[in-house]
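First comes the structure, then the notes that go with it.
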Amino acid sequence: MAVTADGAVLSAERELVITRIFDAPRRLLFKMWTEPEHLERWWGPAGFTMIFSRMDVRRGGAWTRSMQAPDGSVIRKHGVYREIVPPERSVFTYVTDDPEGNPGPETLVTVSFVDLGGKTRLTLHQAPFQAVATRDDHLRGWTGALERFAEYLAASAV
Amino acid sequence: MFPDHLSTTYAALADPTRRAILARLAAGEATVGELAEPFAMSLPAVSKHLKVLERAGLIARRRKAQCRPCRIEAQPLKDAAQWLEHYRQLWDESFDRLDAYLGELQSGKTQDGRNR
């Protein structure tokens, strides 16, 4: 019996993928996600008000945001940045607390930006952290990120 | 707001062997022996994984039969999928706002909009 180590039958239950094309250059999109004054202008559903926001955009840095819903309730979300690769990628953990302040399951969000010549294709993956991040995945992810970041620095120094 | 069992479900799904067991069970009932076959694992090791899956409600075992075959239980997986799916709407609404904000920035209302 051929059984893959990671049953495809289960993948749909474990990962959310959203793609959208924005009519803006990639660097601008990246800024929207990494600079607080921009992010606070669009983050969250319509009708919600940002009442607290803090983000330390670097590997290992924390982010936390509290939003007030139209019904007055406050929803807090928080996480830690795992990878920041300008202008192509941002990876962070994402947790939503319940109204009593108990954290919900931790998910891992990967936002990537592909340059389409003036436009940008944004792809967002969201997956339960425990189910996707084995220790090995972590190591590969970190090494890859560092290599890409080094390349990026080298390229921008020219 | 969050069903407690979601964490249990995801903890159970975190292991590749357990996901493979579930993938096998998605094709139909199986005994512990049948489940152990594709893996280089002892029966007790497989049984341990099955206990985790059973506690998470992801599988059920028939009591009557001697060999106690396992079958997959779809509901927790459905709940997990639904929970993740509610984020889709959240992102879609955020992206609509992002789209509008980018429009504002690029129409020249803000200096910041142009960037190399």
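Each chain in the structure tokens gets a letter, A, B and so on, in the order shown; residues start at 1 in every chain, and ligands are counted from 1 in the order they appear.
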Find the residues of chain B in contact range of chain A, meaning any atom within 7 Å when counting only C-alpha atoms, and list them as a PDB file with C-alpha atoms, in the first residue's frame.
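Generated output (part20.pdb):
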ATOM      1  CA  MET B   1     -14.903  31.566  20.145  1.00  0.00           C
ATOM      2  CA  PHE B   2     -12.523  28.689  19.479  1.00  0.00           C
ATOM      3  CA  SER B   7      -5.797  22.505  19.429  1.00  0.00           C
ATOM      4  CA  TYR B  10      -3.956  20.104  15.232  1.00  0.00           C
ATOM      5  CA  ALA B  11      -1.605  18.571  17.770  1.00  0.00           C
ATOM      6  CA  LEU B  13      -2.178  16.209  12.915  1.00  0.00           C
ATOM      7  CA  ALA B  14       1.282  17.588  13.651  1.00  0.00           C
ATOM      8  CA  PRO B  16       3.560  12.893   9.676  1.00  0.00           C
ATOM      9  CA  THR B  17       2.978   9.244  10.658  1.00  0.00           C
ATOM     10  CA  ARG B  19      -1.310  12.058   8.947  1.00  0.00           C
ATOM     11  CA  ALA B  20      -0.293   9.052   6.855  1.00  0.00           C
ATOM     12  CA  ALA B  23      -4.719   9.197   4.757  1.00  0.00           C
ATOM     13  CA  ARG B  24      -4.797   5.388   4.732  1.00  0.00           C
ATOM     14  CA  PRO B  38       3.610   0.496   5.278  1.00  0.00           C
ATOM     15  CA  LEU B  77     -11.306  17.577  10.305  1.00  0.00           C
ATOM     16  CA  ALA B  80     -10.610  22.393  11.574  1.00  0.00           C
ATOM     17  CA  ALA B  81     -11.188  23.217   7.911  1.00  0.00           C
ATOM     18  CA  LEU B  84      -9.291  28.006   8.945  1.00  0.00           C
ATOM     19  CA  GLU B  85     -11.800  28.939   6.267  1.00  0.00           C
ATOM     20  CA  LEU B  90     -11.216  38.106   7.079  1.00  0.00           C
ATOM     21  CA  GLU B  93     -12.115  42.095   3.575  1.00  0.00           C
ATOM     22  CA  SER B  94      -8.675  43.339   4.585  1.00  0.00           C
ATOM     23  CA  ARG B  97      -9.347  47.814   2.138  1.00  0.00           C
ATOM     24  CA  LEU B  98      -5.713  47.431   1.109  1.00  0.00           C
ATOM     25  CA  ASP B  99      -6.732  47.747  -2.535  1.00  0.00           C
ATOM     26  CA  TYR B 101      -5.789  52.384   0.266  1.00  0.00           C
ATOM     27  CA  ASN B 115       8.615  53.841  -4.506  1.00  0.00           C
ATOM     28  CA  ARG B 116      11.235  52.098  -6.506  1.00  0.00           C
TER      29      ARG B 116
END
_as an MDAnalysis selection string, please: every residue in chain B that a backbone DSSP assignment puts in alpha helix (DSSP H)._
chainID B and resid 5:13 16:25 32:36 43:55 74:104
_Separation of CA of Asp71 (chain A) from CA of Thr49 (chain A), in Å and rounded to one decimal_ =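 Atom-to-atom, CA of Asp71 (chain A) and CA of Thr49 (chain A) are spaced 11.0 Å apart.
Note that DSSP on the backbone gives strand (DSSP E or B) to these residues of chain B: B:Ala30, B:Ile59, B:Ala60, B:Arg61, B:Cys70, B:Arg71, B:Ile72.
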How would the residues just picked look written out with C-alpha atoms as a short mmCIF file (atom, residue, chain, number, x, y, z; two decimals), in the first residue's frame?
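Written file, result-v9.cif:
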data_model
loop_
_atom_site.label_atom_id
_atom_site.label_comp_id
_atom_site.auth_asym_id
_atom_site.auth_seq_id
_atom_site.Cartn_x
_atom_site.Cartn_y
_atom_site.Cartn_z
CA ALA B 30 -8.13 -0.95 8.62
CA ILE B 59 -10.61 7.99 14.48
CA ALA B 60 -12.98 5.51 16.07
CA ARG B 61 -12.45 1.80 16.69
CA CYS B 70 -10.16 1.73 12.91
CA ARG B 71 -12.09 4.18 10.81
CA ILE B 72 -11.67 7.88 10.22
#
*asked:* Can you pull out the residues contacting Met50 (chain A)? Cut-off 8 Å, using only C-alpha atoms, and skip same-chain residues under 3 positions away; I want them as a count of residues only.
replied: 6
*Would you kindly return, as a PyMOL selection string, each protein, DNA or RNA residue with an atom no farther than 6 Å from any atom of Arg82 (chain A), considering only C-alpha atoms and excluding same-chain residues fewer than 4 positions away?*
chain A and resi 59-60+91-92
